[in-house]
>>> print(open('data_34.csv').read())   # CSV, C-alpha atoms
chain,number,residue,atom,x,y,z
A,1172,MET,CA,121.6,188.6,-5.5
A,1173,GLU,CA,122.5,185.1,-4.3
A,1174,LYS,CA,124.0,186.6,-1.1
A,1175,ILE,CA,120.7,188.4,-0.4
A,1176,ARG,CA,118.9,185.1,-0.8
A,1177,ASP,CA,121.3,183.5,1.6
A,1178,PHE,CA,120.8,186.2,4.1
A,1179,SER,CA,117.1,185.8,4.0
A,1180,LYS,CA,117.5,182.1,4.5
A,1181,ASN,CA,119.7,182.7,7.6
A,1182,SER,CA,117.6,185.5,8.9
A,1183,GLY,CA,115.3,183.0,10.7
A,1184,VAL,CA,118.4,181.7,12.6
A,1185,LEU,CA,119.4,185.2,13.4
A,1186,ILE,CA,116.0,186.2,14.7
A,1187,GLN,CA,116.0,183.0,16.8
A,1188,PHE,CA,119.5,183.9,18.1
A,1189,PHE,CA,118.5,187.4,19.1
A,1190,LEU,CA,115.3,186.1,20.6
A,1191,ILE,CA,117.3,183.7,22.8
A,1192,LEU,CA,119.7,186.4,23.6
A,1193,ALA,CA,116.8,188.5,24.8
A,1194,ILE,CA,115.5,185.5,26.8
A,1195,LEU,CA,118.9,184.9,28.3
A,1196,PHE,CA,119.2,188.6,29.2
A,1197,THR,CA,115.9,188.8,30.9
A,1198,GLY,CA,116.6,185.3,32.4
A,1199,ILE,CA,119.8,186.6,33.9
A,1200,ASN,CA,118.0,189.6,35.3
A,1201,PHE,CA,115.3,187.4,36.7
A,1202,LEU,CA,117.4,184.4,37.7
A,1203,LEU,CA,120.1,186.2,39.5
A,1204,PRO,CA,117.8,187.8,42.1
A,1205,LYS,CA,115.9,184.5,42.2
A,1206,GLY,CA,119.1,182.7,42.9
A,1207,LYS,CA,120.0,185.1,45.7
A,1208,GLU,CA,116.5,184.7,47.1
A,1209,LEU,CA,116.9,180.9,47.0
A,1210,PHE,CA,120.2,181.2,48.9
A,1211,GLN,CA,118.6,183.5,51.4
A,1212,MET,CA,115.6,181.2,51.7
A,1213,ASN,CA,117.9,178.2,52.4
A,1214,LYS,CA,119.6,180.2,55.1
A,1215,THR,CA,116.2,181.2,56.6
A,1216,ILE,CA,115.0,177.6,56.6
A,1217,LYS,CA,118.2,176.5,58.3
A,1218,ALA,CA,117.7,179.1,61.0
A,1219,LYS,CA,114.0,178.3,61.4
A,1220,LYS,CA,114.7,174.6,61.7
A,1221,GLU,CA,117.2,175.4,64.5
A,1222,LYS,CA,114.5,177.5,66.2
A,1223,LEU,CA,112.0,174.7,65.8
A,1224,ALA,CA,114.5,172.2,67.3
A,1225,LYS,CA,114.9,174.6,70.3
A,1226,LEU,CA,111.2,175.0,70.7
A,1227,THR,CA,110.6,171.2,70.5
A,1228,GLN,CA,113.3,170.7,73.1
A,1229,LYS,CA,111.7,173.4,75.3
A,1230,VAL,CA,108.2,171.9,75.0
A,1231,ALA,CA,109.6,168.5,75.9
A,1232,PHE,CA,111.4,170.0,78.9
A,1233,LEU,CA,108.4,171.9,80.1
A,1234,GLU,CA,106.1,168.8,79.7
A,1235,SER,CA,108.6,166.8,81.7
A,1236,LEU,CA,108.3,169.2,84.7
A,1237,ASP,CA,106.0,168.3,87.6
A,1238,GLU,CA,103.8,171.4,88.0
A,1239,TYR,CA,102.8,170.4,91.5
A,1240,GLU,CA,106.4,170.1,92.7
A,1241,ILE,CA,107.5,173.4,91.1
A,1242,THR,CA,104.5,175.2,92.5
A,1243,ASN,CA,105.3,173.9,96.0
A,1244,LYS,CA,108.9,174.7,95.8
A,1245,THR,CA,108.3,178.2,94.4
A,1246,GLN,CA,105.6,179.0,97.0
A,1247,PHE,CA,108.0,177.9,99.8
A,1248,LEU,CA,110.8,180.0,98.3
A,1249,LEU,CA,108.5,183.0,98.1
A,1250,LYS,CA,108.3,182.8,101.8
A,1251,VAL,CA,112.1,182.6,102.1
A,1252,LEU,CA,112.5,185.5,99.7
A,1253,PRO,CA,109.3,187.6,99.9
A,1254,PRO,CA,108.5,189.6,96.8
A,1255,GLU,CA,107.5,192.7,98.6
A,1256,GLU,CA,109.9,194.7,100.7
A,1257,ASP,CA,108.2,194.6,104.0
A,1258,ILE,CA,110.4,195.0,107.1
A,1259,PHE,CA,107.6,193.7,109.3
A,1260,ILE,CA,108.0,190.2,107.8
A,1261,PRO,CA,111.6,189.7,109.1
A,1262,LEU,CA,110.8,191.6,112.2
A,1263,SER,CA,107.8,189.5,113.1
A,1264,ALA,CA,109.9,186.4,112.4
A,1265,LEU,CA,112.6,187.6,114.8
A,1266,LYS,CA,110.0,188.4,117.4
A,1267,GLY,CA,108.6,185.0,117.1
A,1268,LEU,CA,112.0,183.5,117.3
A,1269,ALA,CA,112.8,185.5,120.5
A,1270,SER,CA,109.6,184.2,122.0
A,1271,GLN,CA,111.0,180.6,121.7
A,1272,PHE,CA,113.7,181.4,124.1
A,1273,TYR,CA,112.7,182.0,127.7
A,1274,ASP,CA,115.4,184.6,128.3
A,1275,ILE,CA,115.8,186.5,125.1
A,1276,GLN,CA,114.4,190.0,124.9
A,1277,ILE,CA,114.4,192.3,122.0
A,1278,LYS,CA,115.5,195.7,123.4
A,1279,ASP,CA,115.9,197.9,120.4
A,1280,PHE,CA,115.4,197.8,116.6
A,1281,LYS,CA,116.8,200.3,114.1
A,1282,ILE,CA,116.5,200.3,110.3
A,1283,ASP,CA,119.7,201.4,108.6
A,1284,LEU,CA,118.5,204.0,106.2
A,1285,GLY,CA,120.3,204.2,102.9
A,1286,ARG,CA,121.7,200.7,103.2
A,1287,GLU,CA,119.1,199.2,100.9
A,1288,GLU,CA,120.8,197.3,98.1
A,1289,VAL,CA,119.5,195.9,94.9
A,1290,LYS,CA,121.5,193.2,93.0
A,1291,ASN,CA,120.0,191.1,90.3
A,1292,GLN,CA,116.4,191.6,91.5
A,1293,LEU,CA,117.6,190.7,95.0
A,1294,SER,CA,117.0,193.6,97.3
A,1295,SER,CA,117.9,193.8,100.9
A,1296,ILE,CA,117.1,195.9,103.9
A,1297,SER,CA,119.6,196.2,106.7
A,1298,PHE,CA,118.6,196.8,110.3
A,1299,SER,CA,120.2,196.4,113.7
A,1300,LEU,CA,118.6,194.5,116.6
A,1301,LYS,CA,119.6,194.7,120.2
A,1302,ILE,CA,118.9,191.6,122.2
A,1303,VAL,CA,119.5,190.7,125.8
A,1304,GLY,CA,119.8,187.1,127.1
A,1305,SER,CA,122.2,184.5,128.3
A,1306,LYS,CA,125.4,183.8,126.3
A,1307,GLU,CA,124.0,180.4,125.2
A,1308,SER,CA,120.7,181.8,124.2
A,1309,ILE,CA,122.3,184.6,122.2
A,1310,ILE,CA,124.4,182.1,120.3
A,1311,ASN,CA,121.4,179.8,119.7
A,1312,PHE,CA,119.4,182.8,118.6
A,1313,ILE,CA,122.0,183.8,116.0
A,1314,ASP,CA,122.1,180.2,114.8
A,1315,LYS,CA,118.4,180.0,114.5
A,1316,ILE,CA,118.2,183.2,112.5
A,1317,LYS,CA,120.3,181.3,109.8
A,1318,ALA,CA,117.6,178.6,109.6
A,1319,THR,CA,114.6,180.9,109.7
A,1320,TYR,CA,112.6,182.3,106.8
A,1321,PRO,CA,112.4,185.0,105.4
A,1322,LEU,CA,116.1,184.8,104.6
A,1323,MET,CA,118.2,187.0,106.8
A,1324,ARG,CA,122.0,187.2,107.2
A,1325,VAL,CA,123.6,188.3,110.4
A,1326,ASP,CA,126.3,190.7,109.2
A,1327,GLU,CA,127.9,192.1,112.3
A,1328,ILE,CA,127.8,190.7,115.8
A,1329,SER,CA,128.7,192.7,118.9
A,1330,ILE,CA,128.4,191.1,122.3
A,1331,PHE,CA,128.6,193.2,125.5
A,1332,LEU,CA,129.3,191.3,128.7
A,1333,SER,CA,129.0,192.7,132.2
A,1334,GLU,CA,128.8,191.3,135.6
A,1335,GLU,CA,125.8,193.4,136.7
A,1336,GLU,CA,123.5,192.8,133.7
A,1337,LEU,CA,122.6,190.1,131.3
A,1338,PRO,CA,124.8,189.8,128.2
A,1339,ALA,CA,123.6,192.1,125.4
A,1340,SER,CA,124.1,191.7,121.7
A,1341,LEU,CA,123.8,194.1,118.9
A,1342,LEU,CA,123.2,192.3,115.6
A,1343,LYS,CA,123.3,193.9,112.2
A,1344,ILE,CA,121.0,191.9,110.1
A,1345,GLU,CA,120.3,192.0,106.4
A,1346,ALA,CA,116.9,190.7,105.2
A,1347,PHE,CA,116.5,189.7,101.6
A,1348,PHE,CA,113.6,190.2,99.2
A,1349,LEU,CA,113.2,189.1,95.6
A,1350,SER,CA,111.1,191.0,93.1
A,1351,LEU,CA,109.2,188.7,90.7
A,1352,PRO,CA,110.6,188.5,87.1
A,1353,LYS,CA,108.9,190.8,84.8
A,1354,GLU,CA,109.8,189.0,81.6
A,1355,MET,CA,110.6,185.4,80.8
A,1356,GLY,CA,113.0,185.9,77.9
A,1357,LYS,CA,112.6,184.7,74.3
A,1358,THR,CA,110.2,181.9,73.5
A,1359,GLU,CA,112.8,179.8,71.8
A,1360,GLU,CA,115.4,180.4,74.5
A,1361,PHE,CA,116.1,177.2,76.3
A,1362,LEU,CA,115.5,177.4,80.0
A,1363,SER,CA,118.7,176.9,82.0
A,1364,LEU,CA,118.7,173.8,84.1
A,1365,ILE,CA,118.8,173.8,87.9
A,1366,THR,CA,122.3,172.9,88.9
A,1367,SER,CA,123.2,170.3,91.6
A,1368,ALA,CA,124.6,173.2,93.7
A,1369,GLU,CA,121.2,174.9,93.5
A,1370,GLU,CA,119.4,171.7,94.4
A,1371,LYS,CA,121.7,171.4,97.4
A,1372,VAL,CA,120.8,174.9,98.5
A,1373,TYR,CA,117.1,174.0,98.2
A,1374,ARG,CA,117.6,170.9,100.3
A,1375,GLU,CA,119.3,173.1,103.0
A,1376,ILE,CA,116.6,175.8,102.8
A,1377,SER,CA,113.7,173.3,102.9
A,1378,THR,CA,114.7,172.7,106.5
A,1379,PHE,CA,114.1,176.4,107.3
A,1380,SER,CA,111.1,177.3,109.5
A,1381,PHE,CA,109.0,180.2,110.4
A,1382,PRO,CA,108.9,180.8,114.1
A,1383,LEU,CA,105.3,181.9,114.2
A,1384,LYS,CA,102.3,179.8,113.3
A,1385,GLU,CA,101.2,180.7,109.9
A,1386,GLU,CA,97.6,181.8,109.6
A,1387,VAL,CA,95.4,179.5,107.7
A,1388,ALA,CA,92.2,180.9,106.2
A,1389,PRO,CA,89.1,179.4,107.9
A,1390,THR,CA,87.2,176.9,105.8
A,1391,LEU,CA,83.7,178.1,105.4
A,1392,PRO,CA,80.9,175.6,104.8
A,1393,SER,CA,79.7,175.7,101.2
A,1394,GLY,CA,76.6,174.2,99.8
A,1395,LYS,CA,74.7,171.4,101.4
A,1396,GLU,CA,76.4,169.3,104.0
A,1397,ASN,CA,76.2,165.5,103.8
A,1398,PRO,CA,74.4,164.3,106.9
A,1399,PHE,CA,75.7,160.8,106.5
A,1400,THR,CA,79.4,161.7,107.0
A,1401,PHE,CA,80.8,161.7,110.5
B,48,MET,CA,146.6,182.3,-22.3
B,49,LYS,CA,143.4,183.6,-21.2
B,50,ARG,CA,142.6,183.0,-17.5
B,51,GLU,CA,139.1,182.6,-16.2
B,52,ILE,CA,137.6,182.8,-12.8
B,53,ASP,CA,135.3,180.0,-11.8
B,54,PHE,CA,132.6,182.0,-9.9
B,55,LEU,CA,130.3,179.0,-9.6
B,56,LYS,CA,132.9,177.0,-7.7
B,57,ALA,CA,133.7,179.8,-5.4
B,58,TYR,CA,130.0,180.5,-4.8
B,59,LYS,CA,129.4,176.8,-3.9
B,60,LYS,CA,132.2,176.8,-1.3
B,61,THR,CA,130.9,180.0,0.4
B,62,PHE,CA,127.4,178.6,0.5
B,63,GLN,CA,128.4,175.3,2.1
B,64,THR,CA,130.4,177.1,4.9
B,65,SER,CA,127.6,179.5,5.7
B,66,LYS,CA,125.2,176.5,5.7
B,67,ASN,CA,127.4,174.7,8.2
B,68,VAL,CA,127.8,177.7,10.5
B,69,GLY,CA,124.1,178.2,10.4
B,70,SER,CA,123.3,174.7,11.4
B,71,ILE,CA,125.9,174.8,14.2
B,72,ILE,CA,124.4,178.0,15.5
B,73,LYS,CA,120.9,176.6,15.2
B,74,ASN,CA,121.8,173.4,17.0
B,75,GLY,CA,123.8,175.3,19.6
B,76,LEU,CA,120.9,177.6,20.2
B,77,VAL,CA,118.6,174.6,20.6
B,78,VAL,CA,121.0,173.1,23.1
B,79,ILE,CA,121.3,176.4,25.0
B,80,THR,CA,117.6,176.9,25.0
B,81,THR,CA,116.9,173.4,26.2
B,82,THR,CA,119.6,173.7,29.0
B,83,TYR,CA,118.2,177.1,30.0
B,84,CYS,CA,114.7,175.7,30.2
B,85,LEU,CA,115.9,172.8,32.2
B,86,PHE,CA,117.8,175.1,34.5
B,87,LEU,CA,114.7,177.3,34.8
B,88,ILE,CA,112.6,174.2,35.7
B,89,ILE,CA,115.2,173.2,38.3
B,90,ILE,CA,115.3,176.6,39.8
B,91,PHE,CA,111.5,176.9,40.0
B,92,SER,CA,111.1,173.4,41.4
B,93,TRP,CA,113.8,174.1,44.0
B,94,TRP,CA,112.2,177.4,44.9
B,95,ASN,CA,108.8,175.8,45.2
B,96,PHE,CA,110.2,173.0,47.3
B,97,LEU,CA,112.0,175.5,49.6
B,98,LYS,CA,108.9,177.7,49.9
B,99,LYS,CA,106.8,174.6,50.9
B,100,ASP,CA,109.4,173.5,53.3
B,101,LEU,CA,109.6,177.0,54.8
B,102,GLN,CA,105.9,177.1,55.1
B,103,LYS,CA,105.9,173.7,56.8
B,104,VAL,CA,108.6,174.7,59.3
B,105,GLU,CA,106.8,178.0,60.0
B,106,ASN,CA,103.6,176.1,60.7
B,107,GLN,CA,105.4,173.8,63.1
B,108,ILE,CA,107.0,176.7,64.8
B,109,GLU,CA,103.6,178.3,65.3
B,110,ILE,CA,102.3,175.0,66.7
B,111,LYS,CA,105.2,174.7,69.2
B,112,LYS,CA,104.7,178.4,70.2
B,113,ALA,CA,101.1,177.6,70.9
B,114,GLU,CA,102.2,174.6,73.0
B,115,ILE,CA,104.6,176.8,74.9
B,116,LYS,CA,101.8,179.3,75.4
B,117,LYS,CA,99.7,176.6,77.0
B,118,LEU,CA,102.6,175.7,79.3
B,119,GLU,CA,103.2,179.4,80.2
B,120,LYS,CA,102.3,179.0,83.8
B,121,LYS,CA,104.8,176.1,84.2
B,122,GLU,CA,107.5,178.1,82.4
B,123,PHE,CA,106.9,181.1,84.7
B,124,LEU,CA,107.1,179.0,87.8
B,125,TYR,CA,110.3,177.3,86.6
B,126,VAL,CA,111.9,180.6,85.6
B,127,LEU,CA,111.0,182.0,89.1
B,128,LEU,CA,112.3,178.9,90.8
B,129,LYS,CA,115.6,179.0,88.9
B,130,LYS,CA,116.0,182.7,89.7
B,131,GLN,CA,115.2,182.1,93.4
B,132,LEU,CA,117.7,179.2,93.6
B,133,SER,CA,120.5,180.9,91.7
B,134,LEU,CA,120.2,184.0,93.9
B,135,LEU,CA,120.0,181.9,97.1
B,136,SER,CA,123.1,180.0,96.1
B,137,LYS,CA,125.0,183.3,95.7
B,138,VAL,CA,123.9,184.4,99.2
B,139,PHE,CA,124.7,181.1,100.7
B,140,SER,CA,128.2,180.8,99.2
B,141,SER,CA,129.3,184.1,100.8
B,142,GLU,CA,128.1,183.1,104.2
B,143,LYS,CA,130.5,182.1,107.0
B,144,ASP,CA,129.1,179.6,109.4
B,145,ASN,CA,131.9,179.3,112.0
B,146,ARG,CA,131.1,182.6,113.8
B,147,THR,CA,128.9,181.1,116.5
B,148,GLN,CA,131.5,178.3,117.1
B,149,VAL,CA,134.1,181.1,117.6
B,150,LEU,CA,131.8,182.8,120.1
B,151,HIS,CA,131.4,179.5,122.0
B,152,SER,CA,135.1,179.1,122.2
B,153,LEU,CA,135.6,182.7,123.4
B,154,PHE,CA,133.0,182.3,126.1
B,155,GLN,CA,134.8,179.1,127.3
B,156,ILE,CA,138.3,180.5,127.5
B,157,ALA,CA,137.3,183.3,129.8
B,158,ASP,CA,137.5,182.4,133.5
B,159,GLY,CA,136.7,184.2,136.7
B,160,ARG,CA,140.1,186.1,136.7
B,161,SER,CA,140.0,187.2,133.1
B,162,LYS,CA,136.8,188.5,131.6
B,163,ILE,CA,135.7,189.5,128.1
B,164,ALA,CA,133.7,192.7,128.1
B,165,GLU,CA,133.0,193.0,124.4
B,166,ILE,CA,133.2,190.8,121.3
B,167,LYS,CA,132.9,192.2,117.8
B,168,VAL,CA,132.6,189.9,114.8
B,169,SER,CA,133.0,191.6,111.4
B,170,PRO,CA,130.3,190.9,108.7
B,171,SER,CA,132.5,188.5,106.7
B,172,GLY,CA,133.6,186.8,109.9
B,173,GLU,CA,137.2,187.3,108.9
B,174,GLU,CA,138.0,189.5,111.9
B,175,VAL,CA,137.0,189.1,115.5
B,176,GLN,CA,137.9,191.7,118.1
B,177,ILE,CA,137.7,191.1,121.8
B,178,SER,CA,138.4,193.5,124.7
B,179,GLY,CA,138.4,192.6,128.3
B,180,GLU,CA,140.0,192.8,131.7
B,181,ALA,CA,142.4,190.5,133.5
B,182,ALA,CA,142.8,190.6,137.3
B,183,ASP,CA,146.6,190.4,137.1
B,184,ALA,CA,149.5,189.5,134.9
B,185,PHE,CA,149.1,185.8,135.7
B,186,ALA,CA,145.5,185.8,134.8
B,187,LEU,CA,146.3,187.6,131.5
B,188,ALA,CA,149.1,185.0,130.7
B,189,GLY,CA,146.6,182.2,131.5
B,190,PHE,CA,144.0,183.8,129.3
B,191,LEU,CA,146.4,184.2,126.4
B,192,ASN,CA,147.6,180.7,126.9
B,193,ASN,CA,144.0,179.5,126.7
B,194,ILE,CA,143.5,181.3,123.4
B,195,LEU,CA,146.6,179.7,121.9
B,196,SER,CA,145.7,176.2,123.1
B,197,SER,CA,142.0,176.4,122.0
B,198,GLN,CA,141.4,174.1,119.1
B,199,GLN,CA,138.5,176.1,117.7
B,200,LEU,CA,140.5,179.3,117.6
B,201,LYS,CA,143.3,177.7,115.6
B,202,ILE,CA,141.3,178.6,112.4
B,203,PHE,CA,142.7,182.1,112.9
B,204,PRO,CA,146.2,182.2,111.6
B,205,LYS,CA,146.9,185.6,113.1
B,206,ILE,CA,146.1,186.6,116.6
B,207,LYS,CA,147.3,190.1,117.6
B,208,LEU,CA,147.4,191.7,121.0
B,209,ASN,CA,146.2,195.1,119.9
B,210,SER,CA,146.5,197.0,123.2
B,211,LEU,CA,147.4,196.3,126.7
B,212,SER,CA,147.1,198.8,129.6
B,213,ARG,CA,147.5,198.5,133.3
B,214,GLN,CA,144.7,199.9,135.4
B,215,LYS,CA,145.1,202.2,138.4
B,216,LYS,CA,143.1,200.0,140.7
B,217,GLY,CA,145.1,197.0,139.4
B,218,GLY,CA,144.6,194.5,136.6
B,219,TYR,CA,145.0,194.9,132.9
B,220,LYS,CA,142.7,196.0,130.1
B,221,PHE,CA,143.4,194.3,126.8
B,222,SER,CA,142.2,194.2,123.2
B,223,ILE,CA,143.0,191.2,120.9
B,224,VAL,CA,142.2,190.9,117.2
B,225,PHE,CA,141.8,187.5,115.5
B,226,THR,CA,142.2,187.6,111.8
B,227,TYR,CA,141.1,184.9,109.5
B,228,GLY,CA,142.8,184.4,106.1
B,229,LYS,CA,144.3,187.7,105.5
B,230,ASP,CA,147.4,189.4,107.1
>>> encode(input="data_34.csv", output="structure tokens")
Amino acid sequence: MEKIRDFSKNSGVLIQFFLILAILFTGINFLLPKGKELFQMNKTIKAKKEKLAKLTQKVAFLESLDEYEITNKTQFLLKVLPPEEDIFIPLSALKGLASQFYDIQIKDFKIDLGREEVKNQLSSISFSLKIVGSKESIINFIDKIKATYPLMRVDEISIFLSEEELPASLLKIEAFFLSLPKEMGKTEEFLSLITSAEEKVYREISTFSFPLKEEVAPTLPSGKENPFTF
Amino acid sequence: MKREIDFLKAYKKTFQTSKNVGSIIKNGLVVITTTYCLFLIIIFSWWNFLKKDLQKVENQIEIKKAEIKKLEKKEFLYVLLKKQLSLLSKVFSSEKDNRTQVLHSLFQIADGRSKIAEIKVSPSGEEVQISGEAADAFALAGFLNNILSSQQLKIFPKIKLNSLSRQKKGGYKFSIVFTYGKD
């Protein structure tokens, strides 16, 4: 009888014990996934902070760029490496170049079919050009091709010399074109810097010229004209 | 002698032990519950803190993305410029510039008695092939001597007389190959 009374006294403690056991059980079931979630969240925050740092760096870099300067450089390089594969661009440049020499004549022109190559968005068209002129003019003509835009590379040079006729030269030329990039990569991806070697290349290319006068769109009068300006 | 069992004493002892165990369990449970609650509070506070932090970082990322979007034109121009320059530097690095100098030298070494009829320069500029005619053996010897003594043609480590034939009407036809770099 006394034992039963003791049990009833301790039953409160037992109930409390079982209640806490139940809380612990549910707590473990709840806390463990929560703990995993916290760990995952910590990882995510770390990754996102890295991404934010990259984006901040990119924004700062882009803001530091001179838009006017890049636009000018890009526009000039678009003339050096035209985006559309048009054989008439290098051909007209060569024709213009030949006209700068009093004795150079373009005798023949052939496109090498099937020699079109595409490497890293850089495509090229190969063609052969037969010119006639003095030895000095031929050499100067070849030298000038190297400093003329659109970019052309003289691959093979054959010179035929005879006593009766003017020296003739058959040049195999490769003209380059660059298709515009279709995508810019990931937003957080940092833009690779222009190397000193590339800057040196730009300095060299900036001396290139187009042998023909570039056409300028005529400026049409717009609106009222100021009669007080002379 | 009659022996008696003192039940009261035994009962007292049992009761005290169970009372001690009960109080230990009770106190222990209070400690466990308190610790557990504290742990829960810490977990929830940490979770809340991380959630707010994540939200903050995500907001900042969105702001930066919007800023990049505004600078999209600049980015495109820069990407294009970089692409153009990297490809141009590749084309430039593979180019040989001494070919016209070699042509100059070849034109200079030919005289009235020995003539070059054809010059072929390979795409890489590593091989130059000439063919021509010499009036006689002396003219040919002079021509070969001019080649060997030419400073500009010293860039070719290997000069090979590819063919030499005597003509019916006199004179010699020759073919010479200049190789740069390779054997």
>>> residues_near_point(input="data_34.csv", point="(106.3, 169.2, 79.3)", cutoff="12 Å", atoms="all atoms listed in the file", output="ChimeraX atom specification")
/A:1226-1238 /B:111,114-122,125
>>> atom_distance(input="data_34.csv", atom1="atom CA of Asp158 of chain B", atom2="atom CA of Ser197 of chain B")
13.7 Å
>>> interface_residues(input="data_34.csv", of="chain A", to="chain B", cutoff="7 Å", atoms="only C-alpha atoms", output="PDB file with C-alpha atoms, in the coordinates of the input")
ATOM      1  CA  ASN A1181     119.700 182.700   7.600  1.00  0.00           C
ATOM      2  CA  VAL A1184     118.400 181.700  12.600  1.00  0.00           C
ATOM      3  CA  PHE A1188     119.500 183.900  18.100  1.00  0.00           C
ATOM      4  CA  LEU A1209     116.900 180.900  47.000  1.00  0.00           C
ATOM      5  CA  ILE A1216     115.000 177.600  56.600  1.00  0.00           C
ATOM      6  CA  LYS A1219     114.000 178.300  61.400  1.00  0.00           C
ATOM      7  CA  LYS A1220     114.700 174.600  61.700  1.00  0.00           C
ATOM      8  CA  LEU A1223     112.000 174.700  65.800  1.00  0.00           C
ATOM      9  CA  LEU A1226     111.200 175.000  70.700  1.00  0.00           C
ATOM     10  CA  THR A1227     110.600 171.200  70.500  1.00  0.00           C
ATOM     11  CA  VAL A1230     108.200 171.900  75.000  1.00  0.00           C
ATOM     12  CA  LEU A1233     108.400 171.900  80.100  1.00  0.00           C
ATOM     13  CA  GLU A1238     103.800 171.400  88.000  1.00  0.00           C
ATOM     14  CA  ILE A1241     107.500 173.400  91.100  1.00  0.00           C
ATOM     15  CA  THR A1242     104.500 175.200  92.500  1.00  0.00           C
ATOM     16  CA  THR A1245     108.300 178.200  94.400  1.00  0.00           C
ATOM     17  CA  LEU A1248     110.800 180.000  98.300  1.00  0.00           C
ATOM     18  CA  ILE A1310     124.400 182.100 120.300  1.00  0.00           C
ATOM     19  CA  ASP A1326     126.300 190.700 109.200  1.00  0.00           C
ATOM     20  CA  GLU A1327     127.900 192.100 112.300  1.00  0.00           C
ATOM     21  CA  ILE A1328     127.800 190.700 115.800  1.00  0.00           C
ATOM     22  CA  SER A1329     128.700 192.700 118.900  1.00  0.00           C
ATOM     23  CA  ILE A1330     128.400 191.100 122.300  1.00  0.00           C
ATOM     24  CA  PHE A1331     128.600 193.200 125.500  1.00  0.00           C
ATOM     25  CA  LEU A1332     129.300 191.300 128.700  1.00  0.00           C
ATOM     26  CA  SER A1333     129.000 192.700 132.200  1.00  0.00           C
ATOM     27  CA  PRO A1352     110.600 188.500  87.100  1.00  0.00           C
ATOM     28  CA  MET A1355     110.600 185.400  80.800  1.00  0.00           C
ATOM     29  CA  ILE A1365     118.800 173.800  87.900  1.00  0.00           C
ATOM     30  CA  GLU A1369     121.200 174.900  93.500  1.00  0.00           C
ATOM     31  CA  VAL A1372     120.800 174.900  98.500  1.00  0.00           C
ATOM     32  CA  TYR A1373     117.100 174.000  98.200  1.00  0.00           C
TER      33      TYR A1373
END
>>> atom_distance(input="data_34.csv", atom1="atom CA of Ala188 of chain B", atom2="atom CA of Ile202 of chain B")
20.9 Å
>>> atom_distance(input="data_34.csv", atom1="atom CA of Met1323 of chain A", atom2="atom CA of Glu1345 of chain A")
5.4 Å
>>> residues_around(input="data_34.csv", residues="Phe1347 of chain A", least_positions_apart="3", cutoff="10 Å", atoms="only C-alpha atoms", output="ChimeraX atom specification")
/A:1251-1258,1261,1287-1289,1293-1297,1320-1324,1344 /B:135,138
>>> closest_residue(input="data_34.csv", among="A:Ser1270, A:Ser1340, A:Thr1319, A:Thr1366", to="Gly1304 of chain A", atoms="all atoms listed in the file")
A:Ser1340
>>> residues_around(input="data_34.csv", residues="segment 215-218 of chain B", least_positions_apart="4", cutoff="9 Å", atoms="all atoms listed in the file", output="NGL selection string")
:B and (180-184 or 186-187)
>>> residues_near_point(input="data_34.csv", point="(117.2, 179.9, 75.2)", cutoff="10 Å", atoms="all atoms listed in the file", output="PyMOL selection string")
chain A and resi 1222+1225-1226+1229+1356-1363
>>> decode(input="data_34.csv", residues="segment 1264-1273 of chain A", atoms="N, CA and C atoms", output="compact mmCIF listing (two decimals), in the first residue's frame")
# COMPACT_ATOMS: atom_id res chain seq x y z
N ALA A 1264 40.41 46.89 -100.98
CA ALA A 1264 41.59 47.44 -100.31
C ALA A 1264 42.84 47.20 -101.15
N LEU A 1265 42.94 46.00 -101.73
CA LEU A 1265 44.11 45.68 -102.55
C LEU A 1265 44.11 46.50 -103.84
N LYS A 1266 42.94 46.71 -104.37
CA LYS A 1266 42.82 47.52 -105.59
C LYS A 1266 43.26 48.96 -105.30
N GLY A 1267 42.80 49.46 -104.17
CA GLY A 1267 43.18 50.80 -103.75
C GLY A 1267 44.68 50.89 -103.50
N LEU A 1268 45.22 49.84 -102.91
CA LEU A 1268 46.65 49.80 -102.62
C LEU A 1268 47.47 49.80 -103.92
N ALA A 1269 46.99 49.01 -104.89
CA ALA A 1269 47.69 48.94 -106.19
C ALA A 1269 47.68 50.29 -106.89
N SER A 1270 46.58 51.03 -106.69
CA SER A 1270 46.48 52.34 -107.35
C SER A 1270 47.47 53.35 -106.77
N GLN A 1271 48.01 53.06 -105.59
CA GLN A 1271 49.00 53.96 -105.00
C GLN A 1271 50.38 53.81 -105.66
N PHE A 1272 50.56 52.70 -106.38
CA PHE A 1272 51.82 52.48 -107.10
C PHE A 1272 51.57 52.75 -108.58
N TYR A 1273 52.48 53.50 -109.18
CA TYR A 1273 52.24 53.85 -110.59
C TYR A 1273 52.38 52.66 -111.55
